[in-house]
file final-v2.cif (mmCIF, C-alpha atoms)
data_my_file
loop_
_atom_site.label_atom_id
_atom_site.label_comp_id
_atom_site.auth_asym_id
_atom_site.auth_seq_id
_atom_site.Cartn_x
_atom_site.Cartn_y
_atom_site.Cartn_z
CA MET A 1 11.44 -9.95 0.71
CA ALA A 2 10.75 -6.38 -0.35
CA THR A 3 11.53 -5.23 -3.85
CA LYS A 4 14.55 -2.97 -4.28
CA LEU A 5 13.37 0.23 -5.94
CA ASN A 6 15.53 2.72 -7.80
CA ILE A 7 13.89 5.86 -6.40
CA ARG A 8 15.60 9.22 -6.26
CA VAL A 9 14.59 12.40 -4.49
CA ASN A 10 15.77 15.83 -5.63
CA ARG A 11 15.47 18.39 -2.83
CA LYS A 12 15.87 21.26 -5.31
CA ARG A 13 12.75 20.39 -7.30
CA PRO A 14 9.62 22.40 -6.51
CA GLU A 15 7.53 19.23 -6.00
CA SER A 16 7.41 17.81 -2.49
CA MET A 17 9.54 14.77 -1.74
CA THR A 18 6.34 12.86 -0.95
CA ARG A 19 5.03 13.62 -4.41
CA GLN A 20 8.32 12.65 -6.07
CA ILE A 21 8.31 9.26 -4.31
CA ARG A 22 4.62 8.66 -5.04
CA GLU A 23 4.99 9.48 -8.73
CA GLN A 24 8.02 7.22 -9.15
CA ILE A 25 6.35 4.25 -7.44
CA ASP A 26 3.20 4.90 -9.48
CA ALA A 27 5.30 4.88 -12.67
CA PHE A 28 6.95 1.56 -11.66
CA ILE A 29 3.51 0.01 -11.15
CA ASP A 30 2.13 1.37 -14.45
CA ALA A 31 5.23 0.18 -16.36
CA GLY A 32 4.89 -3.31 -14.90
CA GLU A 33 8.19 -3.13 -13.02
CA LEU A 34 6.24 -3.72 -9.81
CA LEU A 35 3.76 -6.56 -10.13
CA ALA A 36 0.64 -7.31 -8.10
CA GLY A 37 1.52 -8.80 -4.74
CA GLU A 38 5.12 -7.53 -4.65
CA LEU A 39 6.11 -6.12 -1.28
CA LEU A 40 7.53 -2.61 -1.10
CA PRO A 41 10.35 -1.65 1.25
CA SER A 42 9.26 -0.67 4.74
CA GLU A 43 8.78 3.02 5.47
CA ARG A 44 11.89 3.03 7.62
CA GLU A 45 14.03 1.19 5.07
CA LEU A 46 13.09 3.47 2.17
CA ALA A 47 13.35 6.62 4.28
CA ASN A 48 16.85 5.66 5.44
CA ARG A 49 17.94 4.85 1.89
CA LEU A 50 16.62 8.19 0.56
CA ASN A 51 17.74 10.15 3.62
CA VAL A 52 14.25 11.58 4.21
CA ALA A 53 11.88 11.55 7.17
CA ARG A 54 9.75 8.45 7.58
CA ASN A 55 6.60 10.59 7.36
CA VAL A 56 7.58 11.54 3.80
CA VAL A 57 7.56 7.89 2.73
CA ARG A 58 4.45 7.16 4.80
CA GLY A 59 2.62 9.99 3.02
CA ALA A 60 3.55 8.62 -0.41
CA TYR A 61 2.46 5.09 0.56
CA GLU A 62 -0.84 6.31 2.02
CA GLN A 63 -1.63 8.35 -1.08
CA LEU A 64 -0.98 5.27 -3.23
CA MET A 65 -3.22 3.23 -0.94
CA ASP A 66 -5.97 5.84 -1.30
CA THR A 67 -5.81 5.48 -5.08
CA GLY A 68 -5.94 1.68 -4.82
CA LYS A 69 -2.40 1.07 -6.12
CA LEU A 70 -1.12 -0.38 -2.82
CA ILE A 71 -2.67 -2.47 -0.08
CA SER A 72 -1.57 -2.95 3.49
CA GLU A 73 -0.64 -6.48 4.49
CA GLY A 74 -0.44 -5.76 8.21
CA ARG A 75 2.93 -6.63 9.68
CA ARG A 76 4.19 -7.86 6.29
CA GLY A 77 4.10 -4.30 4.94
CA ARG A 78 2.58 -2.83 1.84
CA SER A 79 2.25 -4.54 -1.50
CA VAL A 80 1.07 -3.69 -4.99
CA SER A 81 -2.67 -4.13 -5.37
CA SER A 82 -4.06 -6.65 -7.81
CA GLY A 83 -6.11 -3.86 -9.37
CA ARG A 84 -9.48 -4.58 -7.84
CA GLY A 85 -10.03 -0.95 -6.96
CA GLY A 86 -8.47 -0.18 -3.61
CA THR A 87 -10.49 -2.49 -1.42
CA LYS A 88 -8.81 -3.25 1.86
CA LYS A 89 -8.30 -6.88 2.73
CA ARG A 90 -10.33 -8.19 5.64
CA SER A 91 -8.93 -10.85 7.85
CA THR A 92 -10.51 -14.27 7.55
CA LYS A 93 -11.63 -14.14 11.19
CA ALA A 94 -13.50 -10.88 10.57
CA THR A 95 -15.08 -12.28 7.43
CA LYS A 96 -16.18 -15.50 9.17
CA ALA A 97 -17.56 -13.54 12.13
CA SER A 98 -19.47 -11.26 9.78
CA LYS A 99 -20.97 -14.21 7.87
CA ALA A 100 -21.86 -15.98 11.12
CA SER A 101 -23.68 -12.93 12.48
CA LYS A 102 -25.62 -12.53 9.22
CA GLY A 103 -26.64 -16.19 9.37
CA SER A 104 -27.92 -15.86 12.91
CA LYS A 105 -29.98 -12.78 11.96
CA LYS A 106 -31.63 -14.75 9.14
CA ALA A 107 -32.45 -17.61 11.50
CA ARG A 108 -34.13 -15.19 13.96
CA LYS A 109 -36.30 -13.66 11.20
CA LYS A 110 -37.88 -17.00 10.28
#
call {"tool": "encode", "arguments": {"input": "final-v2.cif", "output": "structure tokens"}}
result
Amino acid sequence: MATKLNIRVNRKRPESMTRQIREQIDAFIDAGELLAGELLPSERELANRLNVARNVVRGAYEQLMDTGKLISEGRRGRSVSSGRGGTKKRSTKATKASKASKGSKKARKK
């Protein structure tokens, strides 16, 4: 279940709505109100609640992902990063395939 956030957008402020959303989510994370692993509302859900375009919310989420504050969990949505520095999670299948191919390269070298 996604966390309910108390985010507000003021259309009269000179800052873009994307920036306003990003800064508020960033402040929630820094204050500890959003903990590592907590799911954020979907782009559509938050956009509907704030009465903004979905691209506005998507932009804020992507900027937070670029800084390492959020990670994408695929179909589950986006969650707060554990603070390891913005690394994207790899699926276990991809990791196993990568390790298997490295092992076969080592075997061929011998």
call {"tool": "resolve_selection", "arguments": {"input": "final-v2.cif", "expression": "the PyMOL selection byres ((chain A and resi 42) around 12)", "output": "PyMOL selection string"}}
result
chain A and resi 1-5+39-41+43-49+54-55+57-58+61+72-79
call {"tool": "closest_residue", "arguments": {"input": "final-v2.cif", "among": "A:Ala36, A:Val52, A:Ala60, A:Ile71", "to": "Gln20 in chain A", "atoms": "all atoms listed in the file"}}
result
A:Ala60
call {"tool": "residues_around", "arguments": {"input": "final-v2.cif", "residues": "Arg22 in chain A", "least_positions_apart": "6", "cutoff": "12 Å", "atoms": "all atoms listed in the file", "output": "PyMOL selection string"}}
result
chain A and resi 7-9+15-16+28-29+56-67+69-70
call {"tool": "atom_distance", "arguments": {"input": "final-v2.cif", "atom1": "CA of Ile21 in chain A", "atom2": "CA of Ala53 in chain A"}}
result
12.2 Å
call {"tool": "closest_residue", "arguments": {"input": "final-v2.cif", "among": "A:Gly37, A:Ser81, A:Gly32, A:Leu50", "to": "Met17 in chain A", "atoms": "all atoms listed in the file"}}
result
A:Leu50
call {"tool": "atom_distance", "arguments": {"input": "final-v2.cif", "atom1": "CA of Val80 in chain A", "atom2": "CA of Leu34 in chain A"}}
result
7.1 Å
call {"tool": "atom_distance", "arguments": {"input": "final-v2.cif", "atom1": "CA of Glu33 in chain A", "atom2": "CA of Asn51 in chain A"}}
result
23.3 Å
call {"tool": "build_atoms", "arguments": {"input": "final-v2.cif", "residues": "range 21-38 of chain A", "atoms": "N, CA and C atoms", "output": "short mmCIF file (atom, residue, chain, number, x, y, z; two decimals), in the frame of the given file"}}
result
data_model
loop_
_atom_site.label_atom_id
_atom_site.label_comp_id
_atom_site.auth_asym_id
_atom_site.auth_seq_id
_atom_site.Cartn_x
_atom_site.Cartn_y
_atom_site.Cartn_z
N ILE A 21 8.29 10.70 -4.61
CA ILE A 21 8.31 9.26 -4.31
C ILE A 21 7.05 8.60 -4.84
N ARG A 22 5.90 9.21 -4.59
CA ARG A 22 4.62 8.66 -5.04
C ARG A 22 4.60 8.50 -6.55
N GLU A 23 5.03 9.53 -7.27
CA GLU A 23 4.99 9.48 -8.73
C GLU A 23 5.94 8.41 -9.29
N GLN A 24 7.08 8.23 -8.67
CA GLN A 24 8.02 7.22 -9.15
C GLN A 24 7.49 5.81 -8.90
N ILE A 25 6.92 5.58 -7.73
CA ILE A 25 6.35 4.25 -7.44
C ILE A 25 5.17 4.00 -8.37
N ASP A 26 4.35 5.01 -8.58
CA ASP A 26 3.20 4.90 -9.48
C ASP A 26 3.68 4.54 -10.89
N ALA A 27 4.77 5.16 -11.34
CA ALA A 27 5.30 4.88 -12.67
C ALA A 27 5.83 3.44 -12.75
N PHE A 28 6.47 2.95 -11.67
CA PHE A 28 6.95 1.56 -11.66
C PHE A 28 5.79 0.58 -11.78
N ILE A 29 4.69 0.89 -11.10
CA ILE A 29 3.51 0.01 -11.15
C ILE A 29 2.91 0.04 -12.55
N ASP A 30 2.73 1.24 -13.11
CA ASP A 30 2.13 1.37 -14.45
C ASP A 30 2.99 0.72 -15.53
N ALA A 31 4.31 0.76 -15.37
CA ALA A 31 5.23 0.18 -16.36
C ALA A 31 5.36 -1.33 -16.20
N GLY A 32 4.80 -1.87 -15.13
CA GLY A 32 4.89 -3.31 -14.90
C GLY A 32 6.17 -3.74 -14.22
N GLU A 33 6.96 -2.79 -13.73
CA GLU A 33 8.19 -3.13 -13.02
C GLU A 33 7.88 -3.62 -11.61
N LEU A 34 6.75 -3.20 -11.08
CA LEU A 34 6.24 -3.72 -9.81
C LEU A 34 4.95 -4.46 -10.12
N LEU A 35 4.92 -5.73 -9.81
CA LEU A 35 3.76 -6.56 -10.13
C LEU A 35 2.85 -6.72 -8.92
N ALA A 36 1.62 -7.10 -9.16
CA ALA A 36 0.64 -7.31 -8.10
C ALA A 36 1.19 -8.30 -7.08
N GLY A 37 1.07 -7.94 -5.82
CA GLY A 37 1.52 -8.80 -4.74
C GLY A 37 2.95 -8.56 -4.29
N GLU A 38 3.73 -7.81 -5.04
CA GLU A 38 5.12 -7.53 -4.65
C GLU A 38 5.14 -6.59 -3.45
#
